[in-house]
Structures are given as structure tokens and as C-alpha cells.
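Undergrad: Structure file start_36.csv (CSV, N, CA and C atoms) is given on the next line.
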chain,number,residue,atom,x,y,z
F,172,MET,N,150.1,61.5,-60.9
F,172,MET,CA,150.8,60.2,-60.6
F,172,MET,C,149.8,59.1,-60.4
F,173,THR,N,150.2,58.0,-60.8
F,173,THR,CA,149.3,56.8,-60.7
F,173,THR,C,149.4,56.2,-59.4
F,174,ARG,N,148.4,55.3,-59.1
F,174,ARG,CA,148.4,54.6,-57.8
F,174,ARG,C,148.2,53.1,-58.1
F,175,TYR,N,148.4,52.3,-57.0
F,175,TYR,CA,147.9,50.9,-57.0
F,175,TYR,C,146.7,50.8,-56.1
F,176,MET,N,145.8,49.9,-56.5
F,176,MET,CA,144.7,49.6,-55.7
F,176,MET,C,144.6,48.1,-55.4
F,177,SER,N,144.2,47.8,-54.2
F,177,SER,CA,144.0,46.3,-53.8
F,177,SER,C,142.5,46.1,-53.5
F,178,ILE,N,142.2,44.8,-53.7
F,178,ILE,CA,140.8,44.4,-53.6
F,178,ILE,C,140.8,43.1,-52.7
F,179,ASP,N,140.0,43.2,-51.7
F,179,ASP,CA,139.6,42.0,-50.9
F,179,ASP,C,138.2,41.6,-51.3
F,180,TYR,N,138.1,40.6,-52.2
F,180,TYR,CA,136.9,40.2,-52.8
F,180,TYR,C,136.1,39.3,-51.8
F,181,GLY,N,134.8,39.7,-51.7
F,181,GLY,CA,133.9,38.8,-50.9
F,181,GLY,C,132.5,38.7,-51.5
F,182,ASP,N,131.8,37.7,-51.1
F,182,ASP,CA,130.5,37.5,-51.7
F,182,ASP,C,129.5,38.6,-51.4
F,183,VAL,N,129.7,39.2,-50.2
F,183,VAL,CA,128.8,40.2,-49.7
F,183,VAL,C,129.4,41.6,-49.9
F,184,ARG,N,130.6,41.8,-49.4
F,184,ARG,CA,131.3,43.1,-49.5
F,184,ARG,C,132.7,42.9,-50.1
F,185,ILE,N,133.1,44.0,-50.7
F,185,ILE,CA,134.5,44.1,-51.3
F,185,ILE,C,135.2,45.2,-50.8
F,186,GLY,N,136.3,44.9,-50.1
F,186,GLY,CA,137.2,46.0,-49.5
F,186,GLY,C,138.2,46.5,-50.5
F,187,LEU,N,138.4,47.8,-50.5
F,187,LEU,CA,139.3,48.5,-51.4
F,187,LEU,C,140.4,49.3,-50.6
F,188,ALA,N,141.6,49.3,-51.1
F,188,ALA,CA,142.6,50.1,-50.5
F,188,ALA,C,143.4,50.7,-51.7
F,189,VAL,N,144.0,51.9,-51.5
F,189,VAL,CA,144.9,52.5,-52.5
F,189,VAL,C,146.2,53.0,-51.9
F,190,THR,N,147.2,53.1,-52.8
F,190,THR,CA,148.4,53.7,-52.3
F,190,THR,C,148.4,55.2,-52.5
F,191,ASP,N,149.3,55.9,-51.9
F,191,ASP,CA,149.5,57.3,-52.2
F,191,ASP,C,150.1,57.4,-53.6
F,192,PRO,N,150.2,58.6,-54.2
F,192,PRO,CA,150.7,58.7,-55.5
F,192,PRO,C,152.2,58.2,-55.7
F,193,LEU,N,153.0,58.2,-54.6
F,193,LEU,CA,154.3,57.7,-54.7
F,193,LEU,C,154.4,56.2,-54.5
F,194,LYS,N,153.3,55.6,-54.3
F,194,LYS,CA,153.2,54.1,-54.1
F,194,LYS,C,154.1,53.6,-52.9
F,195,ILE,N,154.0,54.4,-51.8
F,195,ILE,CA,154.8,54.0,-50.6
F,195,ILE,C,153.9,53.6,-49.5
F,196,ILE,N,152.7,54.2,-49.4
F,196,ILE,CA,151.8,54.0,-48.2
F,196,ILE,C,150.5,53.5,-48.8
F,197,SER,N,150.0,52.5,-48.1
F,197,SER,CA,148.6,52.0,-48.5
F,197,SER,C,147.6,52.5,-47.4
F,198,SER,N,146.4,52.8,-47.9
F,198,SER,CA,145.4,53.3,-47.0
F,198,SER,C,144.1,52.6,-47.4
F,199,ALA,N,143.3,52.2,-46.3
F,199,ALA,CA,142.0,51.7,-46.6
F,199,ALA,C,141.2,52.8,-47.3
F,200,TYR,N,140.4,52.4,-48.3
F,200,TYR,CA,139.7,53.3,-49.1
F,200,TYR,C,138.2,53.3,-48.9
F,201,ARG,N,137.6,52.2,-49.2
F,201,ARG,CA,136.2,52.0,-49.0
F,201,ARG,C,135.8,50.6,-49.1
F,202,THR,N,134.6,50.3,-48.8
F,202,THR,CA,134.0,49.0,-49.0
F,202,THR,C,132.8,49.2,-49.9
F,203,ILE,N,132.6,48.3,-50.8
F,203,ILE,CA,131.5,48.3,-51.7
F,203,ILE,C,130.7,47.1,-51.5
F,204,LYS,N,129.4,47.2,-51.8
F,204,LYS,CA,128.5,46.0,-51.7
F,204,LYS,C,128.6,45.2,-53.0
F,205,ASN,N,128.7,43.9,-52.8
F,205,ASN,CA,128.8,43.0,-54.0
F,205,ASN,C,127.4,42.7,-54.5
F,206,ASP,N,126.9,43.6,-55.4
F,206,ASP,CA,125.5,43.5,-56.0
F,206,ASP,C,125.6,42.8,-57.3
F,207,GLY,N,126.6,42.1,-57.6
F,207,GLY,CA,126.8,41.4,-58.9
F,207,GLY,C,127.9,42.0,-59.7
F,208,ILE,N,128.4,41.3,-60.7
F,208,ILE,CA,129.6,41.7,-61.4
F,208,ILE,C,129.5,43.0,-62.1
F,209,ALA,N,128.3,43.2,-62.8
F,209,ALA,CA,128.2,44.5,-63.6
F,209,ALA,C,128.2,45.7,-62.6
F,210,SER,N,127.5,45.6,-61.5
F,210,SER,CA,127.5,46.7,-60.6
F,210,SER,C,128.9,46.9,-60.0
F,211,VAL,N,129.6,45.9,-59.6
F,211,VAL,CA,130.9,46.0,-59.0
F,211,VAL,C,131.9,46.6,-60.0
F,212,LEU,N,131.9,46.1,-61.2
F,212,LEU,CA,132.8,46.6,-62.2
F,212,LEU,C,132.6,48.1,-62.5
F,213,ALA,N,131.3,48.5,-62.5
F,213,ALA,CA,131.0,49.9,-62.7
F,213,ALA,C,131.6,50.8,-61.6
F,214,VAL,N,131.4,50.4,-60.4
F,214,VAL,CA,132.0,51.1,-59.3
F,214,VAL,C,133.5,51.1,-59.4
F,215,LEU,N,134.1,50.0,-59.6
F,215,LEU,CA,135.6,49.9,-59.7
F,215,LEU,C,136.1,50.8,-60.8
F,216,LYS,N,135.4,50.8,-61.9
F,216,LYS,CA,135.8,51.6,-63.1
F,216,LYS,C,135.9,53.1,-62.6
F,217,GLU,N,134.9,53.5,-61.9
F,217,GLU,CA,134.8,54.9,-61.4
F,217,GLU,C,136.0,55.2,-60.5
F,218,VAL,N,136.3,54.2,-59.6
F,218,VAL,CA,137.4,54.4,-58.6
F,218,VAL,C,138.8,54.4,-59.4
F,219,ILE,N,138.9,53.6,-60.4
F,219,ILE,CA,140.1,53.5,-61.2
F,219,ILE,C,140.4,54.8,-61.8
F,220,ILE,N,139.3,55.4,-62.4
F,220,ILE,CA,139.5,56.7,-63.1
F,220,ILE,C,139.8,57.8,-62.0
F,221,LYS,N,139.0,57.9,-61.0
F,221,LYS,CA,139.1,58.9,-60.0
F,221,LYS,C,140.5,58.9,-59.3
F,222,GLU,N,141.0,57.8,-59.0
F,222,GLU,CA,142.2,57.7,-58.2
F,222,GLU,C,143.4,57.4,-59.2
F,223,ASP,N,143.2,57.4,-60.5
F,223,ASP,CA,144.3,57.2,-61.5
F,223,ASP,C,145.0,55.9,-61.1
F,224,VAL,N,144.3,54.8,-61.1
F,224,VAL,CA,144.9,53.5,-60.7
F,224,VAL,C,145.5,52.8,-61.9
F,225,GLU,N,146.7,52.4,-61.8
F,225,GLU,CA,147.4,51.7,-62.9
F,225,GLU,C,147.5,50.2,-62.8
F,226,ARG,N,147.4,49.7,-61.5
F,226,ARG,CA,147.5,48.3,-61.2
F,226,ARG,C,146.6,47.9,-60.1
F,227,ILE,N,146.0,46.7,-60.2
F,227,ILE,CA,145.1,46.2,-59.1
F,227,ILE,C,145.8,45.0,-58.6
F,228,VAL,N,145.9,44.9,-57.2
F,228,VAL,CA,146.4,43.8,-56.5
F,228,VAL,C,145.2,43.1,-55.9
F,229,LEU,N,144.9,41.9,-56.4
F,229,LEU,CA,143.6,41.2,-55.9
F,229,LEU,C,144.0,40.1,-55.0
F,230,GLY,N,143.4,40.1,-53.8
F,230,GLY,CA,143.7,39.0,-52.9
F,230,GLY,C,143.2,37.7,-53.4
F,231,HIS,N,144.2,36.7,-53.4
F,231,HIS,CA,144.0,35.4,-54.0
F,231,HIS,C,143.9,34.4,-52.9
F,232,PRO,N,142.7,33.8,-52.7
F,232,PRO,CA,142.6,32.8,-51.6
F,232,PRO,C,143.0,31.5,-52.1
F,233,VAL,N,143.9,30.8,-51.4
F,233,VAL,CA,144.3,29.5,-51.7
F,233,VAL,C,144.1,28.6,-50.4
F,234,GLY,N,143.6,27.4,-50.6
F,234,GLY,CA,143.4,26.5,-49.5
F,234,GLY,C,144.7,26.3,-48.7
F,235,LEU,N,144.5,26.0,-47.4
F,235,LEU,CA,145.7,25.8,-46.6
F,235,LEU,C,146.6,24.7,-47.1
F,236,ASP,N,146.0,23.7,-47.9
F,236,ASP,CA,146.8,22.7,-48.4
F,236,ASP,C,147.5,23.1,-49.8
F,237,GLY,N,147.2,24.3,-50.2
F,237,GLY,CA,147.8,24.8,-51.4
F,237,GLY,C,147.0,24.6,-52.6
F,238,ASN,N,145.8,23.9,-52.4
F,238,ASN,CA,145.0,23.6,-53.6
F,238,ASN,C,143.9,24.7,-53.8
F,239,LYS,N,143.4,24.7,-55.0
F,239,LYS,CA,142.4,25.7,-55.3
F,239,LYS,C,141.1,25.3,-54.6
F,240,THR,N,140.3,26.3,-54.2
F,240,THR,CA,139.0,26.1,-53.6
F,240,THR,C,138.0,26.8,-54.5
F,241,LYS,N,136.7,26.6,-54.1
F,241,LYS,CA,135.7,27.3,-54.9
F,241,LYS,C,135.9,28.8,-54.9
F,242,LYS,N,136.3,29.4,-53.8
F,242,LYS,CA,136.6,30.8,-53.7
F,242,LYS,C,137.8,31.2,-54.6
F,243,THR,N,138.8,30.3,-54.7
F,243,THR,CA,139.9,30.6,-55.5
F,243,THR,C,139.5,30.8,-57.0
F,244,ILE,N,138.7,29.9,-57.4
F,244,ILE,CA,138.2,29.9,-58.8
F,244,ILE,C,137.3,31.1,-59.0
F,245,GLN,N,136.5,31.5,-58.1
F,245,GLN,CA,135.6,32.6,-58.2
F,245,GLN,C,136.5,33.9,-58.3
F,246,VAL,N,137.5,34.0,-57.5
F,246,VAL,CA,138.4,35.2,-57.6
F,246,VAL,C,139.2,35.3,-58.9
F,247,GLU,N,139.6,34.1,-59.4
F,247,GLU,CA,140.3,34.1,-60.6
F,247,GLU,C,139.4,34.5,-61.8
F,248,GLU,N,138.2,34.1,-61.7
F,248,GLU,CA,137.2,34.6,-62.8
F,248,GLU,C,137.0,36.1,-62.7
F,249,PHE,N,136.9,36.6,-61.4
F,249,PHE,CA,136.8,38.0,-61.2
F,249,PHE,C,138.0,38.8,-61.8
F,250,ALA,N,139.1,38.2,-61.6
F,250,ALA,CA,140.4,38.8,-62.1
F,250,ALA,C,140.3,39.0,-63.6
F,251,GLU,N,139.8,38.0,-64.3
F,251,GLU,CA,139.6,38.0,-65.8
F,251,GLU,C,138.7,39.2,-66.2
F,252,LYS,N,137.6,39.4,-65.4
F,252,LYS,CA,136.7,40.5,-65.7
F,252,LYS,C,137.4,41.8,-65.5
F,253,LEU,N,138.2,41.9,-64.4
F,253,LEU,CA,138.9,43.1,-64.1
F,253,LEU,C,139.9,43.5,-65.3
F,254,LYS,N,140.5,42.5,-65.8
F,254,LYS,CA,141.5,42.7,-66.9
F,254,LYS,C,140.7,43.3,-68.2
F,255,GLU,N,139.5,43.0,-68.3
F,255,GLU,CA,138.7,43.5,-69.4
F,255,GLU,C,138.5,45.0,-69.3
F,256,LEU,N,138.8,45.6,-68.1
F,256,LEU,CA,138.8,47.0,-68.0
F,256,LEU,C,140.1,47.7,-68.5
F,257,GLY,N,141.0,46.8,-68.9
F,257,GLY,CA,142.2,47.3,-69.5
F,257,GLY,C,143.3,47.7,-68.5
F,258,ILE,N,143.2,47.0,-67.3
F,258,ILE,CA,144.1,47.3,-66.2
F,258,ILE,C,144.9,46.1,-65.9
F,259,GLU,N,146.1,46.3,-65.4
F,259,GLU,CA,147.0,45.2,-65.0
F,259,GLU,C,146.4,44.6,-63.6
F,260,VAL,N,146.3,43.3,-63.5
F,260,VAL,CA,145.8,42.7,-62.3
F,260,VAL,C,146.9,41.7,-61.8
F,261,ILE,N,147.3,41.8,-60.6
F,261,ILE,CA,148.2,40.9,-59.9
F,261,ILE,C,147.4,40.2,-58.8
F,262,LEU,N,147.6,38.8,-58.8
F,262,LEU,CA,147.0,38.0,-57.8
F,262,LEU,C,148.0,37.8,-56.7
F,263,LEU,N,147.6,38.1,-55.4
F,263,LEU,CA,148.5,37.9,-54.3
F,263,LEU,C,147.9,37.1,-53.2
F,264,ASP,N,148.6,36.1,-52.7
F,264,ASP,CA,148.1,35.3,-51.6
F,264,ASP,C,147.6,36.1,-50.5
F,265,GLU,N,146.3,35.9,-50.2
F,265,GLU,CA,145.7,36.7,-49.1
F,265,GLU,C,145.6,35.9,-47.8
F,266,SER,N,146.3,34.9,-47.6
F,266,SER,CA,146.3,34.1,-46.4
F,266,SER,C,146.4,34.9,-45.2
F,267,PHE,N,145.4,34.8,-44.3
F,267,PHE,CA,145.4,35.4,-43.0
F,267,PHE,C,145.2,36.9,-43.0
F,268,THR,N,144.9,37.5,-44.1
F,268,THR,CA,144.7,39.0,-44.1
F,268,THR,C,143.5,39.4,-43.3
F,269,THR,N,142.4,38.6,-43.4
F,269,THR,CA,141.2,39.0,-42.6
F,269,THR,C,141.5,38.8,-41.1
F,270,LYS,N,142.3,37.8,-40.7
F,270,LYS,CA,142.7,37.7,-39.3
F,270,LYS,C,143.5,38.9,-38.9
F,271,ARG,N,144.5,39.3,-39.7
F,271,ARG,CA,145.3,40.4,-39.4
F,271,ARG,C,144.4,41.7,-39.3
F,272,ALA,N,143.4,41.8,-40.2
F,272,ALA,CA,142.5,43.0,-40.1
F,272,ALA,C,141.8,43.0,-38.8
F,273,HIS,N,141.3,41.8,-38.4
F,273,HIS,CA,140.6,41.7,-37.1
F,273,HIS,C,141.6,42.2,-35.9
F,274,ASP,N,142.8,41.7,-36.0
F,274,ASP,CA,143.8,42.1,-35.0
F,274,ASP,C,144.0,43.6,-34.9
F,275,ILE,N,144.1,44.2,-36.1
F,275,ILE,CA,144.3,45.6,-36.2
F,275,ILE,C,143.1,46.4,-35.5
F,276,LEU,N,141.9,45.9,-35.9
F,276,LEU,CA,140.7,46.6,-35.3
F,276,LEU,C,140.7,46.4,-33.8
F,277,HIS,N,141.0,45.2,-33.3
F,277,HIS,CA,141.0,44.9,-31.8
F,277,HIS,C,142.1,45.9,-31.2
F,278,SER,N,143.2,46.0,-31.8
F,278,SER,CA,144.2,46.9,-31.2
F,278,SER,C,143.8,48.4,-31.1
F,279,MET,N,142.8,48.7,-32.0
F,279,MET,CA,142.2,50.1,-31.9
F,279,MET,C,141.1,50.2,-30.9
F,280,GLY,N,140.8,49.0,-30.3
F,280,GLY,CA,139.7,49.0,-29.3
F,280,GLY,C,138.3,48.9,-29.9
F,281,LYS,N,138.3,48.4,-31.2
F,281,LYS,CA,137.0,48.3,-31.9
F,281,LYS,C,136.5,46.9,-31.9
F,282,LYS,N,135.2,46.7,-31.9
F,282,LYS,CA,134.7,45.3,-32.0
F,282,LYS,C,134.5,45.0,-33.5
F,283,THR,N,134.9,43.8,-33.9
F,283,THR,CA,134.8,43.5,-35.3
F,283,THR,C,133.4,43.2,-35.8
F,284,GLY,N,132.5,42.8,-34.9
F,284,GLY,CA,131.1,42.5,-35.3
F,284,GLY,C,130.4,43.8,-35.8
F,285,ASP,N,130.8,44.9,-35.2
F,285,ASP,CA,130.1,46.2,-35.5
F,285,ASP,C,130.8,46.9,-36.7
F,286,ASN,N,131.9,46.3,-37.2
F,286,ASN,CA,132.7,47.0,-38.2
F,286,ASN,C,133.1,46.1,-39.3
F,287,LYS,N,132.1,45.4,-39.8
F,287,LYS,CA,132.4,44.4,-41.0
F,287,LYS,C,132.9,45.2,-42.2
F,288,ASP,N,132.4,46.4,-42.5
F,288,ASP,CA,132.8,47.1,-43.6
F,288,ASP,C,134.3,47.5,-43.4
F,289,LYS,N,134.7,47.9,-42.2
F,289,LYS,CA,136.1,48.3,-41.9
F,289,LYS,C,137.0,47.1,-42.1
F,290,ILE,N,136.5,45.9,-41.7
F,290,ILE,CA,137.4,44.7,-41.8
F,290,ILE,C,137.8,44.5,-43.2
F,291,ASP,N,136.8,44.6,-44.1
F,291,ASP,CA,137.1,44.4,-45.6
F,291,ASP,C,138.1,45.4,-46.1
F,292,MET,N,137.9,46.7,-45.7
F,292,MET,CA,138.9,47.7,-46.2
F,292,MET,C,140.3,47.5,-45.6
F,293,ILE,N,140.3,47.1,-44.3
F,293,ILE,CA,141.6,46.9,-43.7
F,293,ILE,C,142.3,45.7,-44.3
F,294,ALA,N,141.5,44.6,-44.6
F,294,ALA,CA,142.1,43.4,-45.2
F,294,ALA,C,142.7,43.8,-46.6
F,295,ALA,N,142.0,44.7,-47.3
F,295,ALA,CA,142.5,45.2,-48.6
F,295,ALA,C,143.8,45.9,-48.4
F,296,GLN,N,143.8,46.7,-47.3
F,296,GLN,CA,145.0,47.5,-47.0
F,296,GLN,C,146.2,46.6,-46.7
F,297,VAL,N,145.9,45.5,-45.9
F,297,VAL,CA,147.0,44.5,-45.6
F,297,VAL,C,147.5,43.9,-46.9
F,298,ILE,N,146.6,43.5,-47.8
F,298,ILE,CA,147.0,42.9,-49.0
F,298,ILE,C,148.0,43.9,-49.8
F,299,LEU,N,147.6,45.2,-49.8
F,299,LEU,CA,148.4,46.1,-50.5
F,299,LEU,C,149.7,46.4,-49.9
F,300,GLU,N,149.8,46.4,-48.5
F,300,GLU,CA,151.0,46.5,-47.8
F,300,GLU,C,151.9,45.3,-48.1
F,301,ASP,N,151.4,44.1,-48.1
F,301,ASP,CA,152.1,42.9,-48.5
F,301,ASP,C,152.7,43.0,-49.9
F,302,TYR,N,151.9,43.5,-50.8
F,302,TYR,CA,152.4,43.7,-52.2
F,302,TYR,C,153.6,44.7,-52.2
F,303,LEU,N,153.4,45.8,-51.6
F,303,LEU,CA,154.4,46.9,-51.6
F,303,LEU,C,155.7,46.3,-51.1
F,304,ARG,N,155.7,45.5,-50.1
F,304,ARG,CA,156.9,44.9,-49.5
F,304,ARG,C,157.6,44.0,-50.6
F,305,THR,N,156.8,43.3,-51.4
F,305,THR,CA,157.4,42.4,-52.4
F,305,THR,C,158.1,43.2,-53.5
F,306,ILE,N,157.8,44.4,-53.7
F,306,ILE,CA,158.4,45.2,-54.9
F,306,ILE,C,159.4,46.2,-54.4
F,307,GLU,N,159.7,46.3,-53.1
F,307,GLU,CA,160.7,47.2,-52.6
F,307,GLU,C,162.1,47.0,-53.2
Translate the structure of the given file into C-alpha cells.
TA:
Amino acid sequence: MTRYMSIDYGDVRIGLAVTDPLKIISSAYRTIKNDGIASVLAVLKEVIIKEDVERIVLGHPVGLDGNKTKKTIQVEEFAEKLKELGIEVILLDESFTTKRAHDILHSMGKKTGDNKDKIDMIAAQVILEDYLRTIE
């Protein structure tokens, strides 16, 4: 059975989350280092194959005023590269996902400064949870 994967794209780290095979539950998966597009795409291709991913939900940053930012354009360009892997890519507003990820870590009694990798994975998980709610 196939899965969905979400990506929280960052200049330094990229958080990943995947669904269970029934596409009901999202789980933080891993964080990868952003060592450039070729390296990132190679790692993502491995994950797509290993986890049998059929769709990627990519966190789409939009300015608070609704306008595109430099980061918005960067993520949209990344989405086009992902599509070249032959996979469906959905852009989903990621507003406040990192803040929500911080809140989740705090509720677990963890300090966010020591857990930057976890923040990115949890942000990806939040993005995927938001997506799953939209398709119920």
C-alpha cells in the first residue's frame, strides 16, 4: 500500500513525515541536511522508493499579507524539481507549523534549541496532519 509524505523545506534542514499505509496517521520520519538540490533529491528518491510514496505534500510558505516571499519562490522551484521525480506534489500552506512543532516539543518537556532536527520532522508531521484533514 502506498503512503503520503510531507516535507518541511528549510535552507539548512528538511523535515520529513509519512503516513501509515492506510493514510490515516502521520508520523515524523526523519530530518535530512540540505546539502544542495542534487543531494536532497537523491535522498528523497530513496525514501520515496523505500516507503512506497505516491504523493508529496510540500509545506508552502506564504507571507502574512498573502504575498509571495523569497522563500515561497524557493519552495515552488523545489516543487518543480520534485515533480521531475515523477511524483504528485501538493503545496499546502504551512503557516504556523513550526510554531506548532515548538509547542508540541514543549508539551513533551523538551527544549527546542537542543532538538532542531526534531522540530523540522514535527513540522512536517503537522503539515501532513493538516493535509489529511482536508481530504477526509
Undergrad: Looking only at strand (DSSP E or B) from DSSP on the backbone, list the matching residues of chain F as a ChimeraX atom specification.
TA: /F:174-179,184-190,197-204,224-231,259-264
Undergrad: Could you give me, as a PDB file with N, CA and C atoms, in the coordinates of the input, the residues within 8 Å of Pro192 (chain F), counting all atoms listed in the file and dropping anything in the same chain fewer than 2 positions from it?
TA:
ATOM      1  N   MET F 172     150.100  61.500 -60.900  1.00  0.00           N
ATOM      2  CA  MET F 172     150.800  60.200 -60.600  1.00  0.00           C
ATOM      3  C   MET F 172     149.800  59.100 -60.400  1.00  0.00           C
ATOM      4  N   THR F 173     150.200  58.000 -60.800  1.00  0.00           N
ATOM      5  CA  THR F 173     149.300  56.800 -60.700  1.00  0.00           C
ATOM      6  C   THR F 173     149.400  56.200 -59.400  1.00  0.00           C
ATOM      7  N   ARG F 174     148.400  55.300 -59.100  1.00  0.00           N
ATOM      8  CA  ARG F 174     148.400  54.600 -57.800  1.00  0.00           C
ATOM      9  C   ARG F 174     148.200  53.100 -58.100  1.00  0.00           C
ATOM     10  N   TYR F 175     148.400  52.300 -57.000  1.00  0.00           N
ATOM     11  CA  TYR F 175     147.900  50.900 -57.000  1.00  0.00           C
ATOM     12  C   TYR F 175     146.700  50.800 -56.100  1.00  0.00           C
ATOM     13  N   VAL F 189     144.000  51.900 -51.500  1.00  0.00           N
ATOM     14  CA  VAL F 189     144.900  52.500 -52.500  1.00  0.00           C
ATOM     15  C   VAL F 189     146.200  53.000 -51.900  1.00  0.00           C
ATOM     16  N   THR F 190     147.200  53.100 -52.800  1.00  0.00           N
ATOM     17  CA  THR F 190     148.400  53.700 -52.300  1.00  0.00           C
ATOM     18  C   THR F 190     148.400  55.200 -52.500  1.00  0.00           C
ATOM     19  N   LYS F 194     153.300  55.600 -54.300  1.00  0.00           N
ATOM     20  CA  LYS F 194     153.200  54.100 -54.100  1.00  0.00           C
ATOM     21  C   LYS F 194     154.100  53.600 -52.900  1.00  0.00           C
ATOM     22  N   ILE F 195     154.000  54.400 -51.800  1.00  0.00           N
ATOM     23  CA  ILE F 195     154.800  54.000 -50.600  1.00  0.00           C
ATOM     24  C   ILE F 195     153.900  53.600 -49.500  1.00  0.00           C
ATOM     25  N   ILE F 196     152.700  54.200 -49.400  1.00  0.00           N
ATOM     26  CA  ILE F 196     151.800  54.000 -48.200  1.00  0.00           C
ATOM     27  C   ILE F 196     150.500  53.500 -48.800  1.00  0.00           C
TER      28      ILE F 196
END
Undergrad: Give me every alpha helix (DSSP H) residue in chain F, going by DSSP on the backbone, as a ChimeraX atom specification.
TA: /F:208-222,241-254,268-278,287-305
Undergrad: Residues within 5 Å of Thr202 (chain F), please, as a list in words. Count only N, CA and C atoms; anything in the same chain fewer than 5 positions from it doesn't count.
TA: Ile185, Gly186 and Leu187 of chain F
Undergrad: Selection from above, N, CA and C atoms, as a tab-separated table (two decimals), keeping the file's coordinate frame, can you write it?
TA:
chain	number	residue	atom	x	y	z
F	185	ILE	N	133.10	44.00	-50.70
F	185	ILE	CA	134.50	44.10	-51.30
F	185	ILE	C	135.20	45.20	-50.80
F	186	GLY	N	136.30	44.90	-50.10
F	186	GLY	CA	137.20	46.00	-49.50
F	186	GLY	C	138.20	46.50	-50.50
F	187	LEU	N	138.40	47.80	-50.50
F	187	LEU	CA	139.30	48.50	-51.40
F	187	LEU	C	140.40	49.30	-50.60
Undergrad: Could you check the closest approach to Val260 (chain F) for each of F:His231, F:Lys289, F:Arg226, F:Lys242 and tell me which residue wins, using only C-alpha atoms?
TA: F:Arg226
Undergrad: Determine, counting only N, CA and C atoms, which protein, DNA and RNA residues have an atom within 8 Å of an atom of Val246 (chain F); residues of the same chain fewer than 3 positions away are not included. Present the result as number ranges by chain.
TA: F: 180, 229-232, 240-243, 249-252
Undergrad: Just give me the gap between atom C of Ile244 (chain F) and atom N of Leu212 (chain F) in Å, one decimal is fine.
TA: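 Distance reported for this atom pair: 16.1 Å.
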Undergrad: Take atom C of Val233 (chain F) and CA of Leu262 (chain F) and report the distance between them in Å, one decimal.
TA: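 Interatomic distance here is 12.3 Å.
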Undergrad: Record the distance separating CA of Tyr200 (chain F) and CA of Glu300 (chain F), expressed in Å with one decimal.
TA: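 Going from CA of Tyr200 (chain F) over to CA of Glu300 (chain F) covers 13.3 Å.
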Undergrad: Please write C-alpha atoms of region 231-280 of chain F, from the structure given just now, as a short mmCIF file (atom, residue, chain, number, x, y, z; two decimals), in the first residue's frame.
TA:
data_model
loop_
_atom_site.label_atom_id
_atom_site.label_comp_id
_atom_site.auth_asym_id
_atom_site.auth_seq_id
_atom_site.Cartn_x
_atom_site.Cartn_y
_atom_site.Cartn_z
CA HIS F 231 4.21 26.22 1.14
CA PRO F 232 5.28 29.39 2.94
CA VAL F 233 3.23 32.47 2.16
CA GLY F 234 3.78 35.91 3.65
CA LEU F 235 1.36 37.02 6.37
CA ASP F 236 -0.03 39.53 3.86
CA GLY F 237 -0.72 36.67 1.42
CA ASN F 238 2.04 37.69 -0.96
CA LYS F 239 4.89 35.55 -2.19
CA THR F 240 8.20 35.84 -0.39
CA LYS F 241 11.69 34.81 -1.41
CA LYS F 242 11.10 31.54 0.48
CA THR F 243 7.78 30.98 -1.34
CA ILE F 244 9.54 31.17 -4.70
CA GLN F 245 12.34 28.90 -3.48
CA VAL F 246 9.83 26.25 -2.34
CA GLU F 247 7.87 26.49 -5.59
CA GLU F 248 11.10 25.90 -7.55
CA PHE F 249 11.84 22.92 -5.30
CA ALA F 250 8.33 21.58 -6.01
CA GLU F 251 9.09 21.63 -9.74
CA LYS F 252 12.26 19.60 -9.13
CA LEU F 253 10.27 17.08 -7.07
CA LYS F 254 7.77 16.68 -9.91
CA GLU F 255 10.68 15.64 -12.14
CA LEU F 256 10.91 12.50 -9.97
CA GLY F 257 7.52 11.53 -11.42
CA ILE F 258 5.54 12.04 -8.24
CA GLU F 259 2.48 14.13 -7.48
CA VAL F 260 3.30 17.23 -5.41
CA ILE F 261 0.70 19.18 -3.43
CA LEU F 262 1.56 22.60 -2.00
CA LEU F 263 -0.07 23.24 1.37
CA ASP F 264 0.01 26.44 3.41
CA GLU F 265 2.49 25.86 6.22
CA SER F 266 1.60 28.93 8.26
CA PHE F 267 2.48 28.46 11.94
CA THR F 268 3.56 24.82 11.56
CA THR F 269 6.98 25.50 13.07
CA LYS F 270 5.32 27.31 16.00
CA ARG F 271 3.01 24.33 16.48
CA ALA F 272 6.02 21.99 16.34
CA HIS F 273 7.72 24.06 19.07
CA ASP F 274 4.57 23.83 21.18
CA ILE F 275 4.47 20.05 20.75
CA LEU F 276 8.09 19.70 21.87
CA HIS F 277 7.48 21.98 24.85
CA SER F 278 4.47 19.88 25.86
CA MET F 279 6.79 16.86 25.87
CA GLY F 280 9.15 18.68 28.23
#
